[in-house]
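**Student:** Structure: data-v1.cif, mmCIF, C-alpha atoms.
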data_start
loop_
_atom_site.label_atom_id
_atom_site.label_comp_id
_atom_site.auth_asym_id
_atom_site.auth_seq_id
_atom_site.Cartn_x
_atom_site.Cartn_y
_atom_site.Cartn_z
CA MET K 1 0.00 0.00 0.00
CA GLU K 2 1.13 3.54 -0.64
CA GLN K 3 2.30 5.78 2.17
CA MET K 4 0.38 8.94 1.49
CA ILE K 5 1.96 12.32 2.22
CA ARG K 6 -0.53 14.57 3.99
CA VAL K 7 -0.06 18.32 4.12
CA LEU K 8 -2.00 20.99 5.98
CA VAL K 9 -2.05 24.24 4.01
CA ALA K 10 -2.86 26.97 6.50
CA LYS K 11 -3.51 30.70 6.44
CA PRO K 12 -2.88 32.25 9.85
CA GLY K 13 -3.71 35.74 10.98
CA LEU K 14 -5.70 38.48 9.44
CA ASP K 15 -4.76 38.74 5.77
CA GLY K 16 -7.45 37.60 3.41
CA HIS K 17 -5.37 36.68 0.40
CA ASP K 18 -5.47 32.98 -0.25
CA ARG K 19 -4.62 32.82 -3.95
CA GLY K 20 -1.08 31.70 -3.14
CA ALA K 21 -2.25 29.09 -0.64
CA LYS K 22 -4.70 27.72 -3.19
CA VAL K 23 -2.07 27.52 -5.92
CA ILE K 24 0.20 25.59 -3.56
CA ALA K 25 -2.66 23.32 -2.46
CA ARG K 26 -3.44 22.56 -6.06
CA ALA K 27 0.22 21.88 -6.92
CA LEU K 28 0.59 19.49 -4.00
CA ARG K 29 -2.61 17.72 -4.99
CA ASP K 30 -1.25 17.29 -8.49
CA ALA K 31 1.94 15.89 -6.97
CA GLY K 32 -0.16 13.13 -5.43
CA MET K 33 -0.45 14.45 -1.89
CA GLU K 34 -3.49 14.78 0.33
CA VAL K 35 -3.94 18.43 1.10
CA ILE K 36 -6.07 19.59 3.98
CA TYR K 37 -7.08 23.19 3.48
CA THR K 38 -8.74 24.93 6.42
CA GLY K 39 -9.47 28.37 5.02
CA LEU K 40 -8.66 31.89 6.09
CA ARG K 41 -7.88 33.55 9.41
CA GLN K 42 -6.71 30.59 11.44
CA THR K 43 -5.22 30.97 14.87
CA PRO K 44 -1.99 29.08 15.64
CA GLU K 45 -4.03 26.93 18.05
CA GLN K 46 -6.47 25.97 15.28
CA ILE K 47 -3.64 25.13 12.91
CA VAL K 48 -1.94 22.89 15.45
CA ALA K 49 -5.16 21.13 16.48
CA ALA K 50 -5.96 20.43 12.82
CA ALA K 51 -2.40 19.24 12.15
CA ILE K 52 -2.59 16.77 15.03
CA GLN K 53 -6.06 15.42 14.24
CA GLU K 54 -5.21 15.04 10.58
CA ASP K 55 -1.81 13.50 11.37
CA VAL K 56 -0.14 15.53 8.64
CA ASP K 57 3.50 15.17 7.68
CA CYS K 58 3.87 18.83 6.84
CA VAL K 59 2.29 22.14 7.77
CA ALA K 60 2.69 24.70 4.99
CA ILE K 61 1.81 28.20 6.11
CA SER K 62 1.07 31.01 3.73
CA ILE K 63 1.27 34.49 5.19
CA LEU K 64 1.18 37.89 3.55
CA SER K 65 0.29 40.12 6.47
CA GLY K 66 3.76 40.78 7.82
CA ALA K 67 3.08 38.97 11.09
CA HIS K 68 5.24 36.01 10.11
CA ASN K 69 7.85 36.59 12.84
CA THR K 70 5.13 36.21 15.45
CA LEU K 71 2.81 33.60 14.01
CA LEU K 72 5.16 31.07 12.43
CA PRO K 73 7.33 30.51 15.53
CA LYS K 74 4.12 30.36 17.57
CA VAL K 75 2.83 27.46 15.47
CA ALA K 76 6.22 25.72 15.75
CA ALA K 77 6.24 26.18 19.52
CA LEU K 78 2.70 24.83 19.91
CA LEU K 79 3.55 21.80 17.79
CA LYS K 80 6.52 21.16 20.02
CA GLU K 81 4.33 21.50 23.09
CA GLN K 82 2.17 18.69 21.69
CA GLY K 83 5.20 16.53 21.01
CA ALA K 84 4.68 17.02 17.30
CA GLU K 85 7.89 18.82 16.37
CA ASP K 86 8.57 16.02 13.87
CA ILE K 87 5.99 17.63 11.58
CA LEU K 88 7.78 19.50 8.80
CA MET K 89 7.00 23.21 8.86
CA LEU K 90 7.25 25.39 5.78
CA GLY K 91 6.52 29.07 5.37
CA GLY K 92 5.63 31.03 2.29
CA GLY K 93 4.45 34.44 1.20
CA VAL K 94 5.71 37.97 1.25
CA ILE K 95 8.55 37.53 3.72
CA PRO K 96 11.60 39.85 3.57
CA ASP K 97 14.96 38.10 3.10
CA GLU K 98 16.33 39.54 6.32
CA ASP K 99 13.57 37.82 8.34
CA ILE K 100 14.23 34.37 6.94
CA PRO K 101 17.20 33.37 9.17
CA PHE K 102 15.13 34.13 12.28
CA LEU K 103 12.35 31.84 11.03
CA LEU K 104 14.78 29.08 10.14
CA ASP K 105 16.15 29.29 13.67
CA ASN K 106 12.66 28.98 15.11
CA GLY K 107 11.36 25.69 13.80
CA ILE K 108 10.65 26.55 10.16
CA LYS K 109 12.47 24.23 7.78
CA ALA K 110 12.27 26.40 4.68
CA VAL K 111 10.73 29.68 3.54
CA PHE K 112 9.50 30.26 -0.01
CA THR K 113 9.01 33.74 -1.36
CA PRO K 114 7.11 34.94 -4.46
CA GLY K 115 8.44 33.57 -7.73
CA THR K 116 9.34 30.15 -6.34
CA PRO K 117 8.35 27.38 -8.78
CA THR K 118 5.80 25.08 -7.12
CA SER K 119 7.98 22.11 -8.10
CA LYS K 120 10.58 23.32 -5.64
CA ILE K 121 8.10 23.14 -2.79
CA VAL K 122 6.98 19.65 -3.84
CA GLU K 123 10.61 18.58 -3.93
CA CYS K 124 11.30 20.03 -0.51
CA ILE K 125 8.38 18.14 1.03
CA LYS K 126 9.28 14.86 -0.63
CA GLU K 127 12.88 15.19 0.51
CA ASN K 128 12.06 15.97 4.11
CA VAL K 129 9.16 13.65 4.73
CA THR K 130 10.52 10.20 5.39
CA LYS K 131 7.88 7.54 5.10
CA MET A 1 -6.87 4.41 22.90
CA LYS A 2 -8.12 7.47 24.74
CA TRP A 3 -10.11 10.45 23.56
CA THR A 4 -7.70 12.73 25.40
CA GLU A 5 -4.80 11.55 23.26
CA PRO A 6 -5.70 12.87 19.82
CA ARG A 7 -2.26 12.31 18.39
CA GLN A 8 -2.44 8.59 19.06
CA ILE A 9 -5.92 8.37 17.60
CA ALA A 10 -4.73 10.27 14.54
CA ARG A 11 -1.70 8.05 14.05
CA LEU A 12 -3.69 4.84 14.27
CA ILE A 13 -6.09 6.26 11.69
CA SER A 14 -3.18 6.97 9.33
CA ALA A 15 -1.80 3.47 9.80
CA VAL A 16 -5.18 2.02 8.94
CA GLU A 17 -5.64 4.35 5.98
CA ASP A 18 -2.23 3.50 4.54
CA GLY A 19 -2.83 -0.19 5.17
CA ARG A 20 0.37 -0.41 7.20
CA PRO A 21 0.86 -3.74 8.92
CA GLY A 22 1.12 -4.13 12.67
CA HIS A 23 -1.96 -2.25 13.83
CA GLU A 24 -4.23 -5.28 14.01
CA GLU A 25 -3.54 -5.89 17.70
CA GLN A 26 -4.62 -2.35 18.55
CA LEU A 27 -7.78 -2.72 16.50
CA LYS A 28 -8.58 -6.02 18.17
CA GLU A 29 -8.36 -4.42 21.59
CA LEU A 30 -10.33 -1.41 20.47
CA PHE A 31 -13.10 -3.50 18.97
CA TYR A 32 -14.54 -4.43 22.36
CA GLN A 33 -15.05 -0.76 23.21
CA THR A 34 -17.05 -0.04 20.06
CA GLY A 35 -20.78 0.09 19.49
CA GLN A 36 -21.53 2.96 21.87
CA ALA A 37 -21.63 5.82 19.39
CA HIS A 38 -24.65 6.85 17.34
CA VAL A 39 -23.35 7.03 13.79
CA ILE A 40 -24.95 9.64 11.56
CA GLY A 41 -24.18 9.49 7.86
CA VAL A 42 -24.42 12.84 6.11
CA THR A 43 -24.81 12.64 2.36
CA GLY A 44 -26.14 14.66 -0.55
CA PRO A 45 -25.02 16.35 -3.75
CA PRO A 46 -21.87 18.51 -3.94
CA GLY A 47 -22.39 21.97 -2.48
CA ALA A 48 -25.63 21.08 -0.71
CA GLY A 49 -24.14 22.15 2.60
CA LYS A 50 -23.18 18.82 4.16
CA SER A 51 -20.11 20.20 5.95
CA SER A 52 -21.82 23.36 7.16
CA LEU A 53 -24.77 21.37 8.42
CA THR A 54 -22.50 18.83 10.10
CA ASP A 55 -20.77 21.74 11.81
CA LYS A 56 -24.08 23.06 13.14
CA LEU A 57 -25.32 19.66 14.27
CA ALA A 58 -22.00 18.87 15.91
CA LYS A 59 -22.27 22.09 17.90
CA TYR A 60 -25.75 21.09 19.00
CA TYR A 61 -24.41 17.82 20.42
CA VAL A 62 -21.29 19.40 21.92
CA ASP A 63 -23.53 21.84 23.77
CA GLN A 64 -25.24 18.83 25.30
CA GLY A 65 -21.90 17.63 26.62
CA LYS A 66 -21.36 14.94 23.99
CA ARG A 67 -18.10 13.93 22.39
CA VAL A 68 -18.34 14.23 18.65
CA GLY A 69 -16.21 12.54 16.00
CA ILE A 70 -16.41 13.75 12.43
CA ILE A 71 -15.10 11.85 9.42
CA ALA A 72 -15.21 13.99 6.29
CA VAL A 73 -14.56 12.28 2.97
CA ASP A 74 -13.55 14.11 -0.20
CA PRO A 75 -12.63 12.68 -3.60
CA THR A 76 -9.13 11.62 -4.61
CA SER A 77 -7.84 12.52 -8.05
CA PRO A 78 -7.88 9.48 -10.35
CA PHE A 79 -4.87 10.98 -12.14
CA SER A 80 -2.41 12.15 -9.50
CA GLY A 81 -3.74 10.25 -6.48
CA GLY A 82 -3.76 13.52 -4.58
CA SER A 83 -6.72 15.35 -3.16
CA ILE A 84 -7.93 18.59 -1.67
CA LEU A 85 -9.69 17.88 1.60
CA GLY A 86 -11.65 21.03 2.28
CA ASP A 87 -14.49 20.07 4.60
CA ARG A 88 -12.76 21.54 7.64
CA ILE A 89 -13.20 25.03 6.20
CA ARG A 90 -16.81 24.89 7.38
CA MET A 91 -15.91 23.51 10.79
CA ASN A 92 -13.28 25.92 12.06
CA ASP A 93 -15.09 26.78 15.28
CA LEU A 94 -14.94 23.14 16.32
CA THR A 95 -11.25 22.59 15.63
CA THR A 96 -9.94 23.46 19.08
CA ASN A 97 -12.86 22.02 21.04
CA PRO A 98 -11.51 19.10 23.11
CA ASN A 99 -14.79 17.25 22.68
CA VAL A 100 -14.51 17.23 18.90
CA PHE A 101 -12.19 15.20 16.69
CA ILE A 102 -12.31 15.85 12.96
CA ARG A 103 -10.57 13.74 10.37
CA SER A 104 -10.54 14.33 6.61
CA MET A 105 -10.14 11.39 4.25
CA GLY A 106 -9.53 11.05 0.53
CA THR A 107 -11.47 8.28 -1.21
CA ARG A 108 -8.16 6.89 -2.60
CA GLY A 109 -9.85 5.23 -5.53
CA HIS A 110 -12.76 3.74 -3.64
CA LEU A 111 -16.21 4.30 -5.15
CA GLY A 112 -19.48 4.46 -3.29
CA GLY A 113 -19.03 7.79 -1.53
CA LEU A 114 -16.62 6.69 1.22
CA ALA A 115 -12.99 5.59 1.48
CA SER A 116 -12.39 1.86 1.89
CA SER A 117 -11.04 2.42 5.41
CA THR A 118 -13.84 4.73 6.58
CA HIS A 119 -15.46 1.85 8.49
CA LEU A 120 -12.26 1.27 10.43
CA VAL A 121 -11.81 4.96 11.18
CA LYS A 122 -15.36 4.96 12.50
CA GLN A 123 -14.44 2.08 14.81
CA ILE A 124 -11.37 3.90 16.06
CA LEU A 125 -13.35 7.02 16.99
CA ASP A 126 -16.10 4.88 18.49
CA GLY A 127 -13.60 2.89 20.54
CA ALA A 128 -11.85 6.09 21.63
CA GLY A 129 -15.06 7.26 23.25
CA ALA A 130 -17.11 9.30 20.78
CA ASP A 131 -20.82 9.58 21.63
CA ILE A 132 -21.81 10.77 18.18
CA ILE A 133 -19.95 10.13 14.92
CA PHE A 134 -20.75 12.01 11.76
CA ILE A 135 -19.57 10.47 8.51
CA GLU A 136 -19.78 12.98 5.72
CA THR A 137 -19.62 11.39 2.27
CA VAL A 138 -18.20 12.93 -0.86
CA GLY A 139 -20.73 14.94 -2.82
CA VAL A 140 -22.88 12.21 -4.30
CA GLY A 141 -24.76 11.73 -7.53
CA GLN A 142 -27.45 9.12 -7.83
CA SER A 143 -25.95 5.84 -6.77
CA GLU A 144 -23.33 6.29 -4.05
CA VAL A 145 -25.22 4.51 -1.34
CA GLU A 146 -22.44 2.91 0.69
CA ILE A 147 -23.05 5.23 3.62
CA VAL A 148 -26.15 3.22 4.47
CA GLN A 149 -23.83 0.37 5.46
CA ALA A 150 -21.80 2.54 7.80
CA ALA A 151 -24.43 4.62 9.55
CA ASP A 152 -27.26 4.11 12.03
CA THR A 153 -29.07 7.14 10.68
CA VAL A 154 -28.63 8.53 7.18
CA LEU A 155 -29.20 12.25 6.83
CA MET A 156 -29.80 13.26 3.24
CA VAL A 157 -29.02 16.89 2.59
CA MET A 158 -30.95 18.31 -0.35
CA VAL A 159 -31.30 21.79 -1.78
CA PRO A 160 -34.00 23.45 -3.88
CA GLY A 161 -33.65 23.40 -7.63
CA LEU A 162 -32.21 19.94 -8.23
CA GLY A 163 -34.95 18.93 -10.61
CA ASP A 164 -38.59 17.98 -10.84
CA ASP A 165 -40.51 15.29 -8.98
CA ILE A 166 -39.29 12.56 -11.34
CA GLN A 167 -35.77 13.08 -10.03
CA SER A 168 -36.94 12.36 -6.52
CA MET A 169 -38.69 9.19 -7.69
CA LYS A 170 -35.58 7.60 -9.12
CA ALA A 171 -34.01 4.62 -7.43
CA GLY A 172 -30.75 4.80 -5.53
CA ILE A 173 -29.67 7.64 -3.33
CA MET A 174 -33.17 8.90 -2.54
CA GLU A 175 -34.07 5.56 -1.00
CA ILE A 176 -31.44 5.55 1.73
CA GLY A 177 -32.33 8.69 3.70
CA ASP A 178 -33.82 8.27 7.18
CA VAL A 179 -34.03 12.00 7.67
CA PHE A 180 -34.07 14.60 4.90
CA ALA A 181 -32.82 18.14 5.32
CA ILE A 182 -33.80 20.67 2.71
CA ASN A 183 -30.93 23.09 3.18
CA LYS A 184 -30.85 26.62 1.81
CA ALA A 185 -34.54 26.83 2.64
CA ASP A 186 -34.19 30.59 2.30
CA LEU A 187 -33.93 30.10 -1.47
CA PRO A 188 -36.97 30.01 -3.76
CA GLY A 189 -38.29 26.55 -4.59
CA ALA A 190 -37.65 25.06 -1.13
CA ASP A 191 -41.35 24.40 -0.51
CA ARG A 192 -41.65 22.65 -3.85
CA ALA A 193 -38.61 20.48 -3.09
CA LYS A 194 -40.09 19.52 0.25
CA ILE A 195 -43.41 18.51 -1.31
CA ASP A 196 -41.69 16.48 -4.04
CA ILE A 197 -39.60 14.59 -1.52
CA GLN A 198 -42.50 14.00 0.84
CA ASN A 199 -44.60 12.69 -2.03
CA MET A 200 -41.84 10.32 -3.00
CA LEU A 201 -41.43 9.08 0.56
CA THR A 202 -45.10 8.30 1.12
CA PHE A 203 -44.93 5.76 -1.71
CA GLN A 204 -42.71 3.39 0.21
CA PRO A 205 -45.37 1.33 1.95
CA GLU A 206 -43.02 -1.53 2.82
CA LYS A 207 -41.03 0.67 5.18
CA ASP A 208 -42.06 1.01 8.80
CA TRP A 209 -40.25 4.35 9.18
CA LEU A 210 -41.52 7.33 7.26
CA PRO A 211 -38.45 9.55 6.78
CA LEU A 212 -38.77 13.02 8.25
CA VAL A 213 -38.25 16.05 6.07
CA GLN A 214 -36.95 19.21 7.72
CA MET A 215 -36.35 22.59 6.17
CA VAL A 216 -33.13 24.17 7.36
CA SER A 217 -31.02 27.16 6.50
CA VAL A 218 -27.44 27.08 7.67
CA LYS A 219 -27.09 30.64 6.47
CA GLU A 220 -29.95 31.91 8.59
CA ASN A 221 -29.38 29.34 11.32
CA THR A 222 -32.95 28.06 11.23
CA GLY A 223 -34.29 24.55 11.59
CA ILE A 224 -31.09 23.08 13.05
CA GLU A 225 -32.54 22.13 16.41
CA GLU A 226 -35.62 20.65 14.73
CA LEU A 227 -33.32 18.63 12.46
CA ALA A 228 -31.37 17.32 15.44
CA LYS A 229 -34.68 16.35 17.05
CA ALA A 230 -35.67 14.48 13.87
CA ILE A 231 -32.39 12.57 14.04
CA GLU A 232 -33.09 11.80 17.70
CA MET A 233 -36.54 10.51 16.75
CA HIS A 234 -34.96 8.12 14.30
CA ARG A 235 -32.58 6.98 16.97
CA SER A 236 -35.48 6.30 19.35
CA PHE A 237 -37.20 4.39 16.58
CA LEU A 238 -34.08 2.25 16.12
CA ASN A 239 -33.96 1.54 19.83
CA GLU A 240 -37.41 -0.06 19.68
CA GLU A 241 -37.86 -3.71 18.75
CA ASP A 242 -34.19 -4.56 18.16
CA ARG A 243 -34.11 -2.47 15.00
CA LEU A 244 -30.67 -1.08 15.78
CA ALA A 245 -29.31 -4.56 16.42
CA ILE A 246 -30.72 -5.79 13.11
CA ARG A 247 -29.29 -2.84 11.20
CA ARG A 248 -25.90 -3.18 12.83
CA LYS A 249 -25.79 -6.90 12.21
CA ARG A 250 -26.36 -6.25 8.54
CA ASN A 251 -23.60 -3.62 8.55
CA THR A 252 -21.24 -5.81 10.55
CA ARG A 253 -21.78 -8.59 8.02
CA ASN A 254 -20.69 -6.26 5.23
CA GLU A 255 -17.70 -5.03 7.20
CA LEU A 256 -16.63 -8.58 7.94
CA ILE A 257 -16.89 -9.51 4.29
CA ASP A 258 -14.80 -6.45 3.37
CA LEU A 259 -12.09 -7.30 5.89
CA LEU A 260 -12.04 -10.91 4.79
CA TYR A 261 -11.87 -9.92 1.16
CA ASP A 262 -9.07 -7.48 1.87
CA LYS A 263 -6.98 -9.98 3.79
CA LEU A 264 -7.56 -12.83 1.37
CA TYR A 265 -6.87 -10.57 -1.57
CA ARG A 266 -3.56 -9.43 -0.10
CA ARG A 267 -2.47 -12.94 0.75
CA LEU A 268 -3.40 -14.34 -2.62
CA VAL A 269 -1.87 -11.56 -4.66
CA THR A 270 1.37 -11.34 -2.70
CA GLN A 271 1.74 -15.09 -2.80
CA GLY A 272 4.80 -16.37 -4.65
CA ASN A 273 2.96 -18.04 -7.50
CA PHE A 274 0.66 -15.21 -8.45
CA GLU A 275 3.05 -13.57 -10.90
CA ARG A 276 4.02 -16.95 -12.35
CA TYR A 277 0.40 -17.89 -13.04
CA LEU A 278 -0.17 -14.45 -14.49
CA GLU A 279 2.66 -15.02 -16.97
CA GLN A 280 1.20 -18.40 -17.90
CA ILE A 281 -2.20 -16.86 -18.49
CA VAL A 282 -0.65 -14.21 -20.73
CA GLU A 283 1.21 -16.96 -22.65
CA LYS A 284 -2.05 -18.93 -22.89
CA THR A 285 -0.55 -21.97 -21.18
CA LEU A 286 -2.98 -21.61 -18.29
CA ASP A 287 -6.54 -20.33 -18.07
CA PRO A 288 -7.52 -17.84 -15.34
CA TYR A 289 -10.13 -20.17 -13.80
CA SER A 290 -7.61 -22.95 -13.18
CA ALA A 291 -5.14 -20.32 -11.94
CA ILE A 292 -7.61 -19.26 -9.25
CA ASP A 293 -8.10 -22.87 -8.15
CA LYS A 294 -4.32 -23.26 -7.99
CA LEU A 295 -3.90 -20.08 -5.97
CA LEU A 296 -6.49 -21.25 -3.44
CA GLU A 297 -4.83 -24.66 -3.33
CA ASP A 298 -1.44 -23.00 -2.73
CA LEU A 299 -2.90 -20.97 0.11
CA ARG A 300 -4.30 -24.10 1.72
CA SER A 301 -1.03 -26.01 1.60
CA GLU A 302 0.76 -22.89 2.86
CA ASN A 303 -1.55 -22.86 5.87
CA GLU A 304 -0.98 -26.55 6.50
CA ASN A 305 2.77 -26.01 6.49
CA ASP A 306 2.51 -23.16 9.00
#
Rewrite the structure of this file - the entire thing - as structure tokens.

**Tutor:**
Amino acid sequence: MEQMIRVLVAKPGLDGHDRGAKVIARALRDAGMEVIYTGLRQTPEQIVAAAIQEDVDCVAISILSGAHNTLLPKVAALLKEQGAEDILMLGGGVIPDEDIPFLLDNGIKAVFTPGTPTSKIVECIKENVTK
Amino acid sequence: MKWTEPRQIARLISAVEDGRPGHEEQLKELFYQTGQAHVIGVTGPPGAGKSSLTDKLAKYYVDQGKRVGIIAVDPTSPFSGGSILGDRIRMNDLTTNPNVFIRSMGTRGHLGGLASSTHLVKQILDGAGADIIFIETVGVGQSEVEIVQAADTVLMVMVPGLGDDIQSMKAGIMEIGDVFAINKADLPGADRAKIDIQNMLTFQPEKDWLPLVQMVSVKENTGIEELAKAIEMHRSFLNEEDRLAIRRKRNTRNELIDLLYDKLYRRLVTQGNFERYLEQIVEKTLDPYSAIDKLLEDLRSENEND
């Protein structure tokens, strides 16, 4: 039987732009993954609860509001609190280059900014999820 | 398996979904805890409001102090094998409630409106202590009726404007509902839809339960409590005269056959000689009917040698 890769695509915080998240969701679907999409304006607590219940291998967070330095580490910390730090965390969206090292130091495996080919994200997930 | 350990529940579900070996012992243990939950199947055409309605009904039960499990099934792509599981979008308020556990499933090639492992996931949630389990099917057409084998009560979610009274007279999906919800009752044509469905239902004289039809509007938050009461009435009906036991025995029979089929299938196909016989069939040195007899014979001698 196949070992399915499951990904939660999440939109935290207050920005209402989910075009990017939907494009990613679609690309991951077409790469043969099961994508759980939970919609806009999720709190970190909602994202983590969904990630645990759905037993995802990866949480991919799209954020365009500028609150990435607060929200992304918060999700990572909550996952850790639940003993789920093994879940791969990815960030994407309008994130300035100078903020990326901070995120990488705080539980985010990789950050993808506008212009990234979707294939790169697929590759990153397949490389880091060991099933 | 405890309700308060969602990660463990979730991981067992994944193991079952992926068909990973080694979880049978856990399922065996769990089995003896099952049978407590009232299982409500929620089905209907795409976009009828199954998820939104499930969300509302789940809240109703949570407010009564119940533990609610939700299994939401969405289709898997026949091309890539991937899927977008989007039912949680309508259930965001429930996500962090400790009395609610939601799990999305892709059909992974299974037809009939559910995934092949949905029955097992239902058992896991039941065994973990759910009082109520909702199983939401994929958006259905006319003949995805498998939910009737998984649920105690089938809730059929309809909307106005799906067609004339002939549509509601057709065989298949319209025959399996125990309770009908006409959602989007704020839209024109809802009264007509209700009359058509009620007319259809009164022509089933062989049934001892006349399905209830309830108008609801998720948008305007009307009719939800009445719908929950209708579901409760069906549950009370099942509790009379061993009806629930009869229904569950029928469902258990089907589940047992599925499990048996699955196990036998795996053993027969992974058996050493399968590929060899296949080659012989392709070369026309063996016919498929004799090959099947040989495979069964091989399995028997394998068991004797064990």

**Student:** As an exercise, work out the distance from atom CA of Arg29 of chain K to atom CA of Ile84 of chain A in Å and give it to one decimal place.

**Tutor:**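 Separation of atom CA of Arg29 of chain K and atom CA of Ile84 of chain A: 6.3 Å.
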
**Student:** For a cutoff of 12 Å around the file-coordinate point (-7.8, 33.9, 7.4), which residues qualify once you count all atoms listed in the file? I'd like the result as a list of chain:residue names.

**Tutor:** K:Val9, K:Ala10, K:Lys11, K:Pro12, K:Gly13, K:Leu14, K:Asp15, K:Gly16, K:His17, K:Asp18, K:Arg19, K:Ala21, K:Tyr37, K:Thr38, K:Gly39, K:Leu40, K:Arg41, K:Gln42, K:Thr43, K:Pro44, K:Gln46, K:Ile47, K:Ile61, K:Ser62, K:Ile63, K:Leu64, K:Ser65, A:Ile89, A:Asn92

**Student:** Generate the output file for the selected residues, C-alpha atoms, as an mmCIF file, in the frame of the given file.

**Tutor:**
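Below you can see out_37.cif, which holds the result:
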data_model
loop_
_atom_site.group_PDB
_atom_site.id
_atom_site.type_symbol
_atom_site.label_atom_id
_atom_site.label_comp_id
_atom_site.auth_asym_id
_atom_site.auth_seq_id
_atom_site.Cartn_x
_atom_site.Cartn_y
_atom_site.Cartn_z
ATOM 1 C CA VAL K 9 -2.050 24.240 4.010
ATOM 2 C CA ALA K 10 -2.860 26.970 6.500
ATOM 3 C CA LYS K 11 -3.510 30.700 6.440
ATOM 4 C CA PRO K 12 -2.880 32.250 9.850
ATOM 5 C CA GLY K 13 -3.710 35.740 10.980
ATOM 6 C CA LEU K 14 -5.700 38.480 9.440
ATOM 7 C CA ASP K 15 -4.760 38.740 5.770
ATOM 8 C CA GLY K 16 -7.450 37.600 3.410
ATOM 9 C CA HIS K 17 -5.370 36.680 0.400
ATOM 10 C CA ASP K 18 -5.470 32.980 -0.250
ATOM 11 C CA ARG K 19 -4.620 32.820 -3.950
ATOM 12 C CA ALA K 21 -2.250 29.090 -0.640
ATOM 13 C CA TYR K 37 -7.080 23.190 3.480
ATOM 14 C CA THR K 38 -8.740 24.930 6.420
ATOM 15 C CA GLY K 39 -9.470 28.370 5.020
ATOM 16 C CA LEU K 40 -8.660 31.890 6.090
ATOM 17 C CA ARG K 41 -7.880 33.550 9.410
ATOM 18 C CA GLN K 42 -6.710 30.590 11.440
ATOM 19 C CA THR K 43 -5.220 30.970 14.870
ATOM 20 C CA PRO K 44 -1.990 29.080 15.640
ATOM 21 C CA GLN K 46 -6.470 25.970 15.280
ATOM 22 C CA ILE K 47 -3.640 25.130 12.910
ATOM 23 C CA ILE K 61 1.810 28.200 6.110
ATOM 24 C CA SER K 62 1.070 31.010 3.730
ATOM 25 C CA ILE K 63 1.270 34.490 5.190
ATOM 26 C CA LEU K 64 1.180 37.890 3.550
ATOM 27 C CA SER K 65 0.290 40.120 6.470
ATOM 28 C CA ILE A 89 -13.200 25.030 6.200
ATOM 29 C CA ASN A 92 -13.280 25.920 12.060
#

**Student:** Neighbours of Gly115 of chain K within 12 Å (all atoms listed in the file; same-chain residues fewer than 2 positions away dropped), as a VMD selection string?

**Tutor:** chain K and resid 20 92 to 94 112 to 113 117 to 121

**Student:** Can you tell me how far atom CA of Ala58 of chain A sits from atom CA of Ile133 of chain A, in Å to one decimal?

**Tutor:**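 Taking atom CA of Ala58 of chain A as the start and atom CA of Ile133 of chain A as the end point, the length is 9.0 Å.
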
**Student:** Once you count only C-alpha atoms, which residues of chain K turn out to be within 10 Å of chain A? Could you give them as a PyMOL selection string?

**Tutor:** chain K and resi 1-9+22+25-43+45-56+82-84

**Student:** With distances taken over all atoms listed in the file, which of A:Phe274, A:Asn239, A:Leu57, A:Gln64 is nearest to Glu226 of chain A?

**Tutor:**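 Smallest separation from Glu226 of chain A among the options: A:Leu57.
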
**Student:** Rounded to one decimal, what separation in Å do you get between atom CA of Phe203 of chain A and atom CA of Leu53 of chain A?

**Tutor:**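 Computed distance, atom CA of Phe203 of chain A to atom CA of Leu53 of chain A, equals 27.4 Å.
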
**Student:** Quick one: residues within 8 Å of Lys50 of chain A, all atoms listed in the file counted, chain neighbours fewer than 5 positions away excluded, as a list in words?

**Tutor:**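 The contact residues come out as Val42, Thr43, Gly44, Glu136 and Val157 of chain A.
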
**Student:** Identify which of the residues A:Ala245, A:Pro211, A:Glu225, A:Tyr61 lies closest to Asn199 of chain A, counting only C-alpha atoms when measuring atom-to-atom distances.

**Tutor:**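 Counting only C-alpha atoms, the residue closest to Asn199 of chain A is A:Pro211.
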
**Student:** Taking the file as shown, find all residues satisfying the PyMOL selection byres ((chain K and resi 100) around 10) and write them as a list of chain:residue names.

**Tutor:**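 Output of the PyMOL selection byres ((chain K and resi 100) around 10): K:His68, K:Asn69, K:Gly91, K:Ile95, K:Pro96, K:Asp97, K:Glu98, K:Asp99, K:Pro101, K:Phe102, K:Leu103, K:Leu104, K:Asp105, K:Asn106, K:Ile108, K:Ala110, K:Val111, K:Phe112, K:Thr113.
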
**Student:** Hey, what comes out of the PyMOL selection byres ((chain A and resi 238) around 12) on this file? Could you write it as a compact mmCIF listing (two decimals) with C-alpha atoms, in the coordinates of the input?

**Tutor:**
# COMPACT_ATOMS: atom_id res chain seq x y z
CA HIS A 38 -24.65 6.85 17.34
CA VAL A 39 -23.35 7.03 13.79
CA ALA A 151 -24.43 4.62 9.55
CA ASP A 152 -27.26 4.11 12.03
CA THR A 153 -29.07 7.14 10.68
CA ASP A 178 -33.82 8.27 7.18
CA ASP A 208 -42.06 1.01 8.80
CA TRP A 209 -40.25 4.35 9.18
CA ILE A 231 -32.39 12.57 14.04
CA GLU A 232 -33.09 11.80 17.70
CA MET A 233 -36.54 10.51 16.75
CA HIS A 234 -34.96 8.12 14.30
CA ARG A 235 -32.58 6.98 16.97
CA SER A 236 -35.48 6.30 19.35
CA PHE A 237 -37.20 4.39 16.58
CA ASN A 239 -33.96 1.54 19.83
CA GLU A 240 -37.41 -0.06 19.68
CA GLU A 241 -37.86 -3.71 18.75
CA ASP A 242 -34.19 -4.56 18.16
CA ARG A 243 -34.11 -2.47 15.00
CA LEU A 244 -30.67 -1.08 15.78
CA ALA A 245 -29.31 -4.56 16.42
CA ILE A 246 -30.72 -5.79 13.11
CA ARG A 247 -29.29 -2.84 11.20
CA ARG A 248 -25.90 -3.18 12.83
